[in-house]
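A.B. asks: Before we start, here is the structure in question, set down as structure tokens.
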Amino acid sequence: DAMVIQNPRYQVTQFGKPVTLSCSQTLNHNVMYWYQQKSSQAPKLLFHYYDKDFNNEADTPDNFQSRRPNTSFCFLDIRSPGLGDAAMYLCATSSPGVQETQYFGPGTRLLVL
Amino acid sequence: DAKTTQPTSMDCAEGRAANLPCNHSTISGNEYVYWYRQIHSQGPQYIIHGLKNNETNEMASLIITEDRKSSTLILPHATLRDTAVYYCIVKYSNKLVFGAGTILRVKS
């Protein structure tokens with residue numbers, strides 16, 4: 001089945017230690033998204049790629065970076081995680097267009113010690 | 001972005017229809033209404049979307065008022081597995097802007 005895969009499902013890191021979360025897709029979608037979801041809150045868009053074109057949300061902290069080496073893979077890098085970065089990180093993909101549906105992965109839950 | 005207003009929570013008896021309302025009074029003509037749900041600790045799941053006409057698929061029905069200022073998501077026969085947060089989103093671009101959503105509790 002075509003799908004969005006996120007690994008690992010759970011990630012523990014130390015305060016200030018860089019961490020990378022990964023997302024892959026078999027849907028061959030042009031657009032890939034990263035969302036942050038803190039406990040009891042709604043998902044919040046961090047940035048998205050349209051092919052290799054990177055689009056950052058205005059209020060996304062500089063501590064968050066992303067890479068998309070090819071169509072299938074996208075990475076979220078947190079350069080110096082703080083306690084406030086503990087959250088669920090969700091990857092989604094879609095074809096371009098306002099009526100194109102976004103499909104989400106299961107998420108990676110990040111714990112910062 | 002057009003904003004949506006949803007009730008904070010709703011209860012529904014198992015086997016009955018669940019009707020989840022959403023107000024989007026500032027919606028523009030080219031904006032779609034999308035519904036997603038999120039079961040605890042999982043990624044959001046697409047349910048249905050529409051522009052003007054009512055829509056139905058294997059999961060749900062979407063009823064959009066003629067003036068497009070509100071809509072209702074209908075789960076025809078709710079089961080315990082439908083317990084989730086339901087998000088109504090007005091979409092004008094590639095982006096989804098999630099509001100607080102409605103917590104639907106299906107009870108036996």
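Ordered as shown in the structure tokens, chains take letters A, B, and onward, while each chain numbers its residues from 1 and ligands are numbered from 1 in the order shown.
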Taking only C-alpha atoms into account, what are the residues of chain A at most 9 Å from chain B, put as JSON, numbers by chain?

C.D. replies: {"A": [31, 33, 41, 42, 43, 44, 45, 48, 88, 90, 91, 92, 94, 95, 96, 97, 98, 99, 100, 101, 102, 103, 104, 105, 106, 107, 109]}

A.B. asks: Can you list, as an NGL selection string, every protein, DNA or RNA residue that comes within 7 Å of B:Leu73 when you count only C-alpha atoms, leaving out same-chain residues fewer than 5 positions away?

C.D. replies: :B and (19-21 or 60-63)

A.B. asks: Keeping only N, CA and C atoms, take the residues you just selected and write them out as a CSV table (one decimal), in the first residue's frame.

C.D. replies:
```csv
chain,number,residue,atom,x,y,z
B,19,ASN,N,-23.4,13.8,14.3
B,19,ASN,CA,-23.5,15.0,13.5
B,19,ASN,C,-22.6,16.1,14.1
B,20,LEU,N,-21.5,16.4,13.4
B,20,LEU,CA,-20.5,17.4,13.9
B,20,LEU,C,-20.6,18.7,13.1
B,21,PRO,N,-21.0,19.8,13.8
B,21,PRO,CA,-21.1,21.0,13.1
B,21,PRO,C,-19.8,21.8,13.0
B,60,ALA,N,-18.1,8.9,5.6
B,60,ALA,CA,-18.9,10.0,6.1
B,60,ALA,C,-19.6,10.7,5.0
B,61,SER,N,-20.5,11.6,5.4
B,61,SER,CA,-21.2,12.6,4.5
B,61,SER,C,-20.9,14.0,5.0
B,62,LEU,N,-20.8,14.9,4.0
B,62,LEU,CA,-20.5,16.3,4.3
B,62,LEU,C,-21.6,17.1,3.7
B,63,ILE,N,-22.3,17.8,4.6
B,63,ILE,CA,-23.4,18.7,4.2
B,63,ILE,C,-23.0,20.1,4.3
```

A.B. asks: Record the distance separating atom CA of A:Thr13 and atom CA of A:Leu46, expressed in Å with one decimal.

C.D. replies: 19.9 Å

A.B. asks: Determine, counting only C-alpha atoms, which protein, DNA and RNA residues have an atom within 8 Å of an atom of A:Asn7; residues of the same chain fewer than 4 positions away are not included. Present the result as a list in words.

C.D. replies: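 The filter keeps Leu21, Ser22, Cys23 and Thr108 of chain A.
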
A.B. asks: Interatomic distance between atom CA of B:Ile89 and atom CA of A:Glu57?

C.D. replies: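 Result for atom CA of B:Ile89 versus atom CA of A:Glu57: 18.1 Å, one decimal.
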
A.B. asks: Residues within 10 Å of A:Phe75, please, as a list in words. Count only C-alpha atoms; anything in the same chain fewer than 3 positions from it doesn't count.

C.D. replies: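 After dropping sequence-adjacent residues, the list is Gln6, Thr20, Leu21, Ser22, Cys23, Ser24, Trp34, Gln65, Ser66, Arg67, Arg68, Pro69, Ile78 and Cys91 of chain A.
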
A.B. asks: For the residues in the current selection, export N, CA, C and O atoms as an mmCIF file, in the first residue's frame.

C.D. replies:
```
data_model
loop_
_atom_site.group_PDB
_atom_site.id
_atom_site.type_symbol
_atom_site.label_atom_id
_atom_site.label_comp_id
_atom_site.auth_asym_id
_atom_site.auth_seq_id
_atom_site.Cartn_x
_atom_site.Cartn_y
_atom_site.Cartn_z
ATOM 1 N N GLN A 6 7.175 7.129 8.949
ATOM 2 C CA GLN A 6 8.032 7.945 9.808
ATOM 3 C C GLN A 6 8.805 7.037 10.755
ATOM 4 O O GLN A 6 8.234 6.139 11.380
ATOM 5 N N THR A 20 17.664 14.100 14.351
ATOM 6 C CA THR A 20 17.059 14.078 13.010
ATOM 7 C C THR A 20 15.919 13.093 12.987
ATOM 8 O O THR A 20 16.057 11.945 13.429
ATOM 9 N N LEU A 21 14.789 13.560 12.481
ATOM 10 C CA LEU A 21 13.633 12.697 12.281
ATOM 11 C C LEU A 21 13.460 12.492 10.782
ATOM 12 O O LEU A 21 13.711 13.414 9.997
ATOM 13 N N SER A 22 12.998 11.303 10.404
ATOM 14 C CA SER A 22 12.909 11.022 8.976
ATOM 15 C C SER A 22 11.488 10.682 8.550
ATOM 16 O O SER A 22 10.673 10.209 9.343
ATOM 17 N N CYS A 23 11.232 10.945 7.293
ATOM 18 C CA CYS A 23 9.932 10.669 6.679
ATOM 19 C C CYS A 23 10.181 10.165 5.269
ATOM 20 O O CYS A 23 11.007 10.739 4.544
ATOM 21 N N SER A 24 9.470 9.143 4.882
ATOM 22 C CA SER A 24 9.540 8.686 3.501
ATOM 23 C C SER A 24 8.133 8.420 2.998
ATOM 24 O O SER A 24 7.206 8.203 3.771
ATOM 25 N N TRP A 34 6.095 19.221 7.252
ATOM 26 C CA TRP A 34 6.377 18.857 8.634
ATOM 27 C C TRP A 34 5.511 19.712 9.552
ATOM 28 O O TRP A 34 5.460 20.938 9.423
ATOM 29 N N GLN A 65 15.363 22.808 11.012
ATOM 30 C CA GLN A 65 15.791 22.806 9.625
ATOM 31 C C GLN A 65 15.216 21.568 8.947
ATOM 32 O O GLN A 65 14.784 20.628 9.612
ATOM 33 N N SER A 66 15.280 21.581 7.617
ATOM 34 C CA SER A 66 14.774 20.420 6.898
ATOM 35 C C SER A 66 15.614 20.174 5.661
ATOM 36 O O SER A 66 16.253 21.092 5.130
ATOM 37 N N ARG A 67 15.630 18.927 5.238
ATOM 38 C CA ARG A 67 16.322 18.527 4.016
ATOM 39 C C ARG A 67 15.413 17.586 3.237
ATOM 40 O O ARG A 67 14.733 16.754 3.821
ATOM 41 N N ARG A 68 15.482 17.722 1.916
ATOM 42 C CA ARG A 68 14.738 16.794 1.074
ATOM 43 C C ARG A 68 15.671 16.349 -0.048
ATOM 44 O O ARG A 68 15.727 16.981 -1.106
ATOM 45 N N PRO A 69 16.394 15.263 0.151
ATOM 46 C CA PRO A 69 17.380 14.837 -0.846
ATOM 47 C C PRO A 69 16.770 14.301 -2.130
ATOM 48 O O PRO A 69 17.412 14.345 -3.185
ATOM 49 N N ILE A 78 16.599 19.068 14.214
ATOM 50 C CA ILE A 78 16.497 20.016 15.316
ATOM 51 C C ILE A 78 17.898 20.198 15.860
ATOM 52 O O ILE A 78 18.500 19.258 16.390
ATOM 53 N N CYS A 91 4.673 14.133 9.621
ATOM 54 C CA CYS A 91 5.015 14.350 8.213
ATOM 55 C C CYS A 91 3.767 14.090 7.378
ATOM 56 O O CYS A 91 2.971 13.187 7.693
#
```

A.B. asks: Could you pull the residues within 8 Å of B:Lys107, counting only C-alpha atoms, minus those fewer than 3 positions along the same chain, as an MDAnalysis selection string?

C.D. replies: chainID B and resid 11:14 80

A.B. asks: Name the residues of stretch 29-63 of chain B that fall into strand (DSSP E or B) according to DSSP on the backbone, using the chain letters and numbers of this document, as a list in words.

C.D. replies: Tyr32, Val33, Tyr34, Trp35, Tyr36, Arg37, Gln38, Gln45, Tyr46, Ile47, Ile48, His49, Gly50, Glu55, Thr56, Ser61, Leu62 and Ile63 of chain B

A.B. asks: Atoms to include: C-alpha atoms. Write the selected residues as an mmCIF file, in the first residue's frame.

C.D. replies:
```cif
data_model
loop_
_atom_site.group_PDB
_atom_site.id
_atom_site.type_symbol
_atom_site.label_atom_id
_atom_site.label_comp_id
_atom_site.auth_asym_id
_atom_site.auth_seq_id
_atom_site.Cartn_x
_atom_site.Cartn_y
_atom_site.Cartn_z
ATOM 1 C CA TYR B 32 -12.602 24.093 0.331
ATOM 2 C CA VAL B 33 -13.973 22.598 3.529
ATOM 3 C CA TYR B 34 -11.888 19.657 4.712
ATOM 4 C CA TRP B 35 -12.468 17.262 7.578
ATOM 5 C CA TYR B 36 -9.769 15.246 9.284
ATOM 6 C CA ARG B 37 -9.803 13.228 12.445
ATOM 7 C CA GLN B 38 -7.065 12.238 14.842
ATOM 8 C CA GLN B 45 -6.673 10.892 8.956
ATOM 9 C CA TYR B 46 -8.429 12.445 5.969
ATOM 10 C CA ILE B 47 -12.197 11.983 6.016
ATOM 11 C CA ILE B 48 -13.844 14.072 3.310
ATOM 12 C CA HIS B 49 -13.823 17.470 1.623
ATOM 13 C CA GLY B 50 -16.146 19.642 -0.447
ATOM 14 C CA GLU B 55 -20.351 14.898 -0.569
ATOM 15 C CA THR B 56 -20.451 11.286 0.575
ATOM 16 C CA SER B 61 -21.183 12.577 4.503
ATOM 17 C CA LEU B 62 -20.504 16.288 4.310
ATOM 18 C CA ILE B 63 -23.414 18.695 4.178
#
```

A.B. asks: Do a neighbour search on A:Gln25 at 8 Å with only C-alpha atoms, toss out local chain neighbours closer than 6 positions, and write the hits as a VMD selection string.

C.D. replies: chain A and resid 2 to 5 72 to 73 93
